[in-house]
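Peer 1: My structure is stored as model_16.cif, with mmCIF, C-alpha atoms and all ligand atoms.
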```
data_model
loop_
_atom_site.label_atom_id
_atom_site.label_comp_id
_atom_site.auth_asym_id
_atom_site.auth_seq_id
_atom_site.Cartn_x
_atom_site.Cartn_y
_atom_site.Cartn_z
CA MET A 256 -82.64 24.20 84.02
CA LEU A 257 -83.27 26.14 80.85
CA THR A 258 -80.55 28.45 79.73
CA TYR A 259 -80.67 31.22 77.20
CA THR A 260 -77.52 31.64 75.13
CA VAL A 261 -76.43 35.22 75.21
CA GLU A 262 -74.72 36.71 72.17
CA LEU A 263 -71.13 37.43 73.18
CA SER A 264 -71.59 41.00 72.02
CA LYS A 265 -74.27 41.36 74.74
CA ALA A 266 -72.38 39.48 77.48
CA TYR A 267 -71.43 42.70 79.24
CA ARG A 268 -75.10 43.31 79.99
CA LEU A 269 -75.10 40.35 82.38
CA LEU A 270 -72.86 42.17 84.80
CA ASN A 271 -74.13 44.74 87.19
CA HIS A 272 -72.06 47.74 86.30
CA GLY A 273 -73.22 49.88 89.17
CA PRO A 274 -74.96 53.20 89.01
CA VAL A 275 -74.77 55.52 86.05
CA ILE A 276 -72.50 58.34 87.09
CA LEU A 277 -71.92 61.86 85.89
CA ILE A 278 -68.31 62.71 85.15
CA SER A 279 -67.29 66.35 85.17
CA ALA A 280 -63.96 67.93 84.35
CA SER A 281 -62.53 71.39 83.90
CA HIS A 282 -59.41 72.95 82.48
CA ASN A 283 -58.37 76.50 81.65
CA GLY A 284 -61.81 77.95 82.35
CA LYS A 285 -63.65 75.27 80.34
CA GLN A 286 -65.90 72.77 82.10
CA ASN A 287 -68.04 69.89 81.01
CA ILE A 288 -70.09 66.93 82.21
CA MET A 289 -71.15 63.57 80.70
CA ALA A 290 -72.93 60.38 81.77
CA ALA A 291 -70.97 57.13 82.21
CA ALA A 292 -72.41 53.72 82.98
CA TRP A 293 -69.13 51.82 82.68
CA ASN A 294 -67.47 52.42 86.01
CA MET A 295 -66.40 50.32 88.95
CA PRO A 296 -64.36 50.31 92.14
CA LEU A 297 -60.86 48.86 91.72
CA ASP A 298 -59.10 49.02 95.07
CA PHE A 299 -59.71 49.84 98.73
CA ASP A 300 -56.56 51.50 99.99
CA PRO A 301 -55.68 53.75 98.40
CA PRO A 302 -59.19 53.92 96.96
CA ARG A 303 -59.06 53.53 93.19
CA ILE A 304 -61.80 53.37 90.59
CA THR A 305 -62.02 52.81 86.84
CA VAL A 306 -64.17 54.47 84.19
CA VAL A 307 -64.42 53.93 80.45
CA ILE A 308 -64.38 57.25 78.64
CA ASP A 309 -64.72 57.30 74.89
CA LYS A 310 -62.09 59.12 72.81
CA ASN A 311 -64.73 61.28 71.14
CA THR A 312 -65.97 62.86 74.34
CA TYR A 313 -65.14 66.43 75.19
CA THR A 314 -64.99 65.44 78.86
CA ARG A 315 -62.03 63.17 78.09
CA GLU A 316 -60.18 66.06 76.48
CA LEU A 317 -60.58 68.08 79.70
CA ILE A 318 -59.64 65.10 81.88
CA GLU A 319 -56.46 64.45 79.91
CA ALA A 320 -55.55 68.13 80.13
CA SER A 321 -56.26 68.51 83.85
CA GLY A 322 -55.35 65.01 85.11
CA SER A 323 -58.48 64.85 87.23
CA PHE A 324 -62.26 64.48 87.17
CA ALA A 325 -65.21 64.51 89.52
CA ILE A 326 -67.96 61.93 89.80
CA SER A 327 -71.46 62.93 90.86
CA VAL A 328 -73.84 60.01 91.47
CA PRO A 329 -77.28 61.03 90.26
CA CYS A 330 -80.54 59.64 91.63
CA VAL A 331 -83.83 58.72 90.01
CA ALA A 332 -85.10 62.28 90.33
CA GLN A 333 -82.31 63.37 87.96
CA ILE A 334 -83.02 61.06 85.03
CA ASP A 335 -83.60 63.96 82.67
CA ILE A 336 -80.20 65.45 83.50
CA VAL A 337 -78.50 62.09 82.87
CA ARG A 338 -80.18 61.83 79.50
CA LYS A 339 -79.37 65.41 78.49
CA VAL A 340 -75.68 65.40 79.41
CA GLY A 341 -75.28 61.84 78.11
CA THR A 342 -76.71 62.54 74.67
CA SER A 343 -75.12 65.88 73.84
CA SER A 344 -71.53 67.01 73.57
CA GLY A 345 -70.04 70.07 75.17
CA ARG A 346 -67.82 70.30 72.12
CA ASP A 347 -70.82 71.42 70.06
CA LEU A 348 -71.66 74.33 72.35
CA ILE A 349 -70.58 77.85 71.50
CA ASN A 350 -70.24 80.51 74.20
CA THR A 351 -71.92 78.29 76.77
CA ASP A 352 -71.53 74.90 78.44
CA LYS A 353 -73.83 72.08 79.55
CA PHE A 354 -74.09 73.51 83.07
CA ALA A 355 -75.53 76.80 81.80
CA LEU A 356 -77.53 75.22 78.98
CA TYR A 357 -79.29 72.71 81.23
CA ASP A 358 -79.41 74.98 84.27
CA LEU A 359 -77.28 72.65 86.40
CA GLU A 360 -76.28 73.92 89.83
CA THR A 361 -72.79 73.03 91.02
CA PHE A 362 -70.54 73.37 94.03
CA PRO A 363 -66.74 73.32 94.05
CA SER A 364 -64.53 70.30 94.59
CA LYS A 365 -61.98 70.54 97.40
CA GLN A 366 -58.97 68.72 95.91
CA ILE A 367 -59.46 69.20 92.15
CA THR A 368 -60.93 71.78 89.78
CA ALA A 369 -63.96 69.96 88.35
CA PRO A 370 -67.38 71.11 89.59
CA LEU A 371 -69.73 68.78 91.50
CA LEU A 372 -73.42 68.62 90.66
CA LYS A 373 -75.94 69.62 93.31
CA GLY A 374 -78.89 67.30 93.96
CA CYS A 375 -76.86 64.12 93.51
CA VAL A 376 -76.52 61.53 96.28
CA ALA A 377 -72.74 61.08 96.25
CA TRP A 378 -69.60 62.72 94.92
CA LEU A 379 -66.02 61.54 94.40
CA GLU A 380 -63.02 63.66 93.48
CA CYS A 381 -60.55 61.68 91.39
CA LYS A 382 -56.99 62.10 90.18
CA VAL A 383 -56.03 60.13 87.08
CA ILE A 384 -53.28 57.54 87.47
CA PRO A 385 -51.74 57.79 84.01
CA GLU A 386 -51.86 54.45 82.17
CA PRO A 387 -51.44 55.47 78.51
CA HIS A 388 -51.78 51.91 77.18
CA SER A 389 -55.13 51.27 78.91
CA GLN A 390 -56.40 54.72 78.03
CA ASN A 391 -55.49 54.52 74.36
CA THR A 392 -56.32 50.88 73.76
CA TYR A 393 -59.40 50.38 75.96
CA ASP A 394 -60.54 53.92 76.82
CA LEU A 395 -60.03 52.76 80.40
CA PHE A 396 -59.06 55.34 83.00
CA ILE A 397 -57.79 54.42 86.44
CA ALA A 398 -58.02 57.07 89.10
CA GLU A 399 -57.40 57.53 92.79
CA VAL A 400 -60.25 58.91 94.85
CA VAL A 401 -58.89 61.85 96.82
CA ALA A 402 -62.16 63.00 98.43
CA ALA A 403 -65.66 61.55 98.72
CA TYR A 404 -68.99 62.81 100.08
CA ALA A 405 -72.57 61.58 100.20
CA ASP A 406 -75.99 62.93 101.07
CA GLU A 407 -76.38 61.89 104.70
CA PHE A 408 -80.11 61.50 104.10
CA VAL A 409 -79.39 58.21 102.28
CA PHE A 410 -75.79 57.35 103.21
CA SER A 411 -74.25 57.26 106.67
CA ASP A 412 -72.09 54.95 108.78
CA GLY A 413 -70.56 53.69 105.54
CA ARG A 414 -73.85 52.38 104.12
CA TRP A 415 -76.70 53.33 101.80
CA HIS A 416 -80.15 53.38 103.39
CA PHE A 417 -82.89 54.18 100.90
CA GLU A 418 -85.89 52.90 102.85
CA GLY A 419 -88.82 55.15 102.05
CA HIS A 420 -86.71 57.34 99.75
CA ASP A 421 -87.06 55.72 96.33
CA ASP A 422 -86.45 59.00 94.52
CA TYR A 423 -82.92 59.07 95.95
CA VAL A 424 -81.83 55.69 94.65
CA PRO A 425 -78.99 55.93 92.11
CA TYR A 426 -79.96 55.56 88.49
CA THR A 427 -78.89 52.23 86.98
CA THR A 428 -79.15 52.17 83.20
CA TRP A 429 -80.45 54.42 80.54
CA ARG A 430 -82.26 51.57 78.81
CA VAL A 431 -84.02 50.45 81.97
CA GLY A 432 -84.82 54.04 82.73
CA ARG A 433 -86.51 54.49 79.38
CA PHE A 434 -88.85 51.52 79.49
CA LEU A 435 -89.89 50.87 83.07
CA PRO A 436 -92.14 52.99 85.25
CA ARG A 437 -90.13 54.96 87.78
CA ALA A 438 -91.42 52.99 90.74
CA LEU A 439 -89.95 49.75 89.31
CA GLN A 440 -86.70 50.98 87.79
CA PHE A 441 -84.52 50.89 90.85
CA LYS A 442 -85.94 48.03 92.85
CA PRO A 443 -83.13 45.60 91.96
CA LEU A 444 -80.42 47.97 93.10
CA PHE A 445 -82.50 48.97 96.10
CA SER A 446 -82.96 45.32 97.12
CA PHE A 447 -79.27 44.66 96.58
CA CYS A 448 -78.33 47.56 98.80
CA LYS A 449 -80.69 46.33 101.49
CA SER A 450 -79.32 42.80 101.26
CA ILE A 451 -75.74 43.90 101.84
CA GLY A 452 -76.77 46.56 104.35
C1 LIG B 501 -76.87 56.35 80.54
C2 LIG B 501 -75.65 56.68 79.75
C3 LIG B 501 -74.47 56.03 80.02
C4 LIG B 501 -73.30 56.33 79.30
N1 LIG B 501 -72.14 55.68 79.61
C5 LIG B 501 -70.98 56.03 78.99
C6 LIG B 501 -69.74 55.44 79.38
O1 LIG B 501 -69.64 54.62 80.30
N2 LIG B 501 -68.60 55.84 78.73
C7 LIG B 501 -68.65 56.76 77.69
O2 LIG B 501 -67.59 57.08 77.13
N3 LIG B 501 -69.81 57.33 77.30
C8 LIG B 501 -70.97 57.00 77.94
N4 LIG B 501 -72.15 57.60 77.60
C9 LIG B 501 -72.16 58.56 76.50
C10 LIG B 501 -71.63 59.95 76.90
O3 LIG B 501 -72.24 60.43 78.06
C11 LIG B 501 -71.89 60.86 75.69
O4 LIG B 501 -71.05 60.46 74.62
C12 LIG B 501 -71.75 62.33 75.98
O5 LIG B 501 -72.42 63.00 74.94
C13 LIG B 501 -70.31 62.82 76.01
O6 LIG B 501 -70.35 64.20 76.25
P1 LIG B 501 -69.13 65.18 76.00
O7 LIG B 501 -68.69 65.06 74.54
O8 LIG B 501 -69.72 66.54 76.28
O9 LIG B 501 -68.06 64.79 76.94
C14 LIG B 501 -73.33 57.31 78.27
C15 LIG B 501 -74.53 57.98 77.99
C16 LIG B 501 -75.69 57.67 78.71
C17 LIG B 501 -76.96 58.40 78.39
#
```
Starting from the file, give its structure as structure tokens.
Ligand SMILES: Cc1cc2nc3c(=O)[nH]c(=O)nc-3n(C[C@H](O)[C@H](O)[C@H](O)COP(=O)(O)O)c2cc1C

Peer 2:
Amino acid sequence: MLTYTVELSKAYRLLNHGPVILISASHNGKQNIMAAAWNMPLDFDPPRITVVIDKNTYTRELIEASGSFAISVPCVAQIDIVRKVGTSSGRDLINTDKFALYDLETFPSKQITAPLLKGCVAWLECKVIPEPHSQNTYDLFIAEVVAAYADEFVFSDGRWHFEGHDDYVPYTTWRVGRFLPRALQFKPLFSFCKSIG
């Protein structure tokens, strides 16, 4: 067997870190949204998840102020939105926000204040479980999921089912998204979902 030695600085790329998600937050009339690839489930009951949110992001400022955030899981058809909200900061915007600037349609959360993005395939409302050490040292946020929804077109009976609906498959990584044709980008995740389905 031939093995390729991976630089330790690239070791994280060997793990499947799940779909890229969009994290939105709001506080005192301000709202914002960013992309986040570093996320994962942490616990079943109560359902908990983790996300890594850089200190420089405006979204983090709103999350720390409000104690909550929403996750919208975008699909392949929303690649441009992922790229736009993941490469610009709401902090730089004057008299507007990313939702207005990029013409993003939202609908309200039920348990928290952050808006959810229309057109996504799943949504989770999350309340931060304060862990100052993890947040400050590793930018790691732990949160409890207090509500969750999915587009029944591709998720029902507790499972994803993308057969014949490639445009609805969640978006995996920005890098993959940039270099592969759309039809190929999501096959690994699609196959994985089918194999566990
Ligand atoms: C595909 C993709 C994945 C990203 N993943 C993360 C992530 O996991 N954590 C993070 O802090 N930033 C991540 N970013 C960068 C943020 O989305 C980016 O810094 C954004 O501009 C922050 O916006 P804000 O300042 O308006 O909150 C990612 C960007 C892209 C395009």

Peer 1: Kindly indicate which residue among A:Ile308, A:Val400, A:Val383, A:Ile276 lies nearest to ligand LIG 501 (chain B), using all atoms listed in the file for the distances.

Peer 2: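 Of A:Ile308, A:Val400, A:Val383, A:Ile276, the one nearest ligand LIG 501 (chain B), counting all atoms listed in the file, is A:Ile308.
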
Peer 1: Per residue of chain A within 10 Å of ligand LIG 501 (chain B), which atom pair is closest and at what distance in Å (one decimal), using all atoms listed in the file, listed by chain and increasing number, as JSON lines?

Peer 2:
```
{"residue": "A:His272", "atom": "CA", "partner": "B:LIG501", "partner_atom": "O1", "distance": 9.4}
{"residue": "A:Pro274", "atom": "CA", "partner": "B:LIG501", "partner_atom": "C1", "distance": 9.2}
{"residue": "A:Val275", "atom": "CA", "partner": "B:LIG501", "partner_atom": "C1", "distance": 6.0}
{"residue": "A:Ile276", "atom": "CA", "partner": "B:LIG501", "partner_atom": "C3", "distance": 7.7}
{"residue": "A:Leu277", "atom": "CA", "partner": "B:LIG501", "partner_atom": "O3", "distance": 8.0}
{"residue": "A:Ile278", "atom": "CA", "partner": "B:LIG501", "partner_atom": "O3", "distance": 8.4}
{"residue": "A:Ser279", "atom": "CA", "partner": "B:LIG501", "partner_atom": "O9", "distance": 8.4}
{"residue": "A:Ala280", "atom": "CA", "partner": "B:LIG501", "partner_atom": "O9", "distance": 9.0}
{"residue": "A:Gln286", "atom": "CA", "partner": "B:LIG501", "partner_atom": "O8", "distance": 9.3}
{"residue": "A:Asn287", "atom": "CA", "partner": "B:LIG501", "partner_atom": "O8", "distance": 6.0}
{"residue": "A:Ile288", "atom": "CA", "partner": "B:LIG501", "partner_atom": "O8", "distance": 6.0}
{"residue": "A:Met289", "atom": "CA", "partner": "B:LIG501", "partner_atom": "O3", "distance": 4.2}
{"residue": "A:Ala290", "atom": "CA", "partner": "B:LIG501", "partner_atom": "O3", "distance": 3.8}
{"residue": "A:Ala291", "atom": "CA", "partner": "B:LIG501", "partner_atom": "N1", "distance": 3.2}
{"residue": "A:Ala292", "atom": "CA", "partner": "B:LIG501", "partner_atom": "N1", "distance": 3.9}
{"residue": "A:Trp293", "atom": "CA", "partner": "B:LIG501", "partner_atom": "O1", "distance": 3.7}
{"residue": "A:Asn294", "atom": "CA", "partner": "B:LIG501", "partner_atom": "O1", "distance": 6.5}
{"residue": "A:Val306", "atom": "CA", "partner": "B:LIG501", "partner_atom": "O1", "distance": 6.7}
{"residue": "A:Val307", "atom": "CA", "partner": "B:LIG501", "partner_atom": "N2", "distance": 4.9}
{"residue": "A:Ile308", "atom": "CA", "partner": "B:LIG501", "partner_atom": "O2", "distance": 3.6}
{"residue": "A:Asp309", "atom": "CA", "partner": "B:LIG501", "partner_atom": "O2", "distance": 3.6}
{"residue": "A:Lys310", "atom": "CA", "partner": "B:LIG501", "partner_atom": "O2", "distance": 7.3}
{"residue": "A:Asn311", "atom": "CA", "partner": "B:LIG501", "partner_atom": "O7", "distance": 6.4}
{"residue": "A:Thr312", "atom": "CA", "partner": "B:LIG501", "partner_atom": "O7", "distance": 3.5}
{"residue": "A:Tyr313", "atom": "CA", "partner": "B:LIG501", "partner_atom": "O9", "distance": 3.8}
{"residue": "A:Thr314", "atom": "CA", "partner": "B:LIG501", "partner_atom": "O9", "distance": 3.7}
{"residue": "A:Arg315", "atom": "CA", "partner": "B:LIG501", "partner_atom": "O9", "distance": 6.3}
{"residue": "A:Glu316", "atom": "CA", "partner": "B:LIG501", "partner_atom": "O9", "distance": 8.0}
{"residue": "A:Leu317", "atom": "CA", "partner": "B:LIG501", "partner_atom": "O9", "distance": 8.6}
{"residue": "A:Ile318", "atom": "CA", "partner": "B:LIG501", "partner_atom": "O9", "distance": 9.8}
{"residue": "A:Ile334", "atom": "CA", "partner": "B:LIG501", "partner_atom": "C1", "distance": 9.0}
{"residue": "A:Asp335", "atom": "CA", "partner": "B:LIG501", "partner_atom": "C17", "distance": 9.7}
{"residue": "A:Ile336", "atom": "CA", "partner": "B:LIG501", "partner_atom": "C17", "distance": 9.3}
{"residue": "A:Val337", "atom": "CA", "partner": "B:LIG501", "partner_atom": "C17", "distance": 6.0}
{"residue": "A:Arg338", "atom": "CA", "partner": "B:LIG501", "partner_atom": "C17", "distance": 4.8}
{"residue": "A:Lys339", "atom": "CA", "partner": "B:LIG501", "partner_atom": "C17", "distance": 7.4}
{"residue": "A:Val340", "atom": "CA", "partner": "B:LIG501", "partner_atom": "O5", "distance": 6.0}
{"residue": "A:Gly341", "atom": "CA", "partner": "B:LIG501", "partner_atom": "O3", "distance": 3.4}
{"residue": "A:Thr342", "atom": "CA", "partner": "B:LIG501", "partner_atom": "O5", "distance": 4.3}
{"residue": "A:Ser343", "atom": "CA", "partner": "B:LIG501", "partner_atom": "O5", "distance": 4.1}
{"residue": "A:Ser344", "atom": "CA", "partner": "B:LIG501", "partner_atom": "O8", "distance": 3.3}
{"residue": "A:Gly345", "atom": "CA", "partner": "B:LIG501", "partner_atom": "O8", "distance": 3.7}
{"residue": "A:Arg346", "atom": "CA", "partner": "B:LIG501", "partner_atom": "O7", "distance": 5.8}
{"residue": "A:Asp347", "atom": "CA", "partner": "B:LIG501", "partner_atom": "O8", "distance": 8.0}
{"residue": "A:Leu348", "atom": "CA", "partner": "B:LIG501", "partner_atom": "O8", "distance": 8.9}
{"residue": "A:Asp352", "atom": "CA", "partner": "B:LIG501", "partner_atom": "O8", "distance": 8.8}
{"residue": "A:Lys353", "atom": "CA", "partner": "B:LIG501", "partner_atom": "O8", "distance": 7.6}
{"residue": "A:Asp394", "atom": "CA", "partner": "B:LIG501", "partner_atom": "O2", "distance": 7.7}
{"residue": "A:Leu395", "atom": "CA", "partner": "B:LIG501", "partner_atom": "N2", "distance": 9.3}
{"residue": "A:Tyr426", "atom": "CA", "partner": "B:LIG501", "partner_atom": "C1", "distance": 8.6}
{"residue": "A:Thr427", "atom": "CA", "partner": "B:LIG501", "partner_atom": "C1", "distance": 7.9}
{"residue": "A:Thr428", "atom": "CA", "partner": "B:LIG501", "partner_atom": "C1", "distance": 5.5}
{"residue": "A:Trp429", "atom": "CA", "partner": "B:LIG501", "partner_atom": "C1", "distance": 4.1}
{"residue": "A:Arg430", "atom": "CA", "partner": "B:LIG501", "partner_atom": "C1", "distance": 7.4}
{"residue": "A:Val431", "atom": "CA", "partner": "B:LIG501", "partner_atom": "C1", "distance": 9.4}
{"residue": "A:Gly432", "atom": "CA", "partner": "B:LIG501", "partner_atom": "C1", "distance": 8.6}
{"residue": "A:Arg433", "atom": "CA", "partner": "B:LIG501", "partner_atom": "C1", "distance": 9.9}
```

Peer 1: A:Ala377, A:Ala320, A:Leu359, A:Val331: which is nearest Asn283 of chain A, counting all atoms listed in the file?

Peer 2: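 Among the listed residues, the smallest separation from Asn283 of chain A belongs to A:Ala320.
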
Peer 1: Can you tell me how far atom CA of Asn391 of chain A sits from atom CA of Ala325 of chain A, in Å to one decimal?

Peer 2: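 Distance between the two atoms: 20.6 Å.
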
Peer 1: In Å, how far is it from atom CA of Phe324 of chain A to atom CA of Pro385 of chain A?

Peer 2: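 If I compute the distance from atom CA of Phe324 of chain A to atom CA of Pro385 of chain A, I get 12.9 Å.
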
Peer 1: To one decimal place in Å, what is the distance between atom CA of Ala355 of chain A and atom CA of Phe410 of chain A?

Peer 2: 28.9 Å

Peer 1: Which residue, A:Gln390, A:Ser264, A:Gln366, A:Thr305, has the smallest gap to Glu319 of chain A when you use all atoms listed in the file?

Peer 2: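 Among the listed residues, A:Gln390 lies closest to Glu319 of chain A.
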
Peer 1: Set the distance at 10 Å and use all atoms listed in the file: which residues neighbour segment 406-409 of chain A once local chain neighbours fewer than 6 positions away are removed? I'd like the list as a PyMOL selection string.

Peer 2: chain A and resi 374-378+415-420+423-424

Peer 1: Kindly compute an axis-aligned box around the listed atoms of segment 380-396 of chain A, allowing 8 Å on each side, and express its centre and edge lengths in Å to one decimal as JSON.

Peer 2:
```
{"center_x": -57.2, "center_y": 57.0, "center_z": 83.6, "size_x": 27.6, "size_y": 29.3, "size_z": 35.7}
```
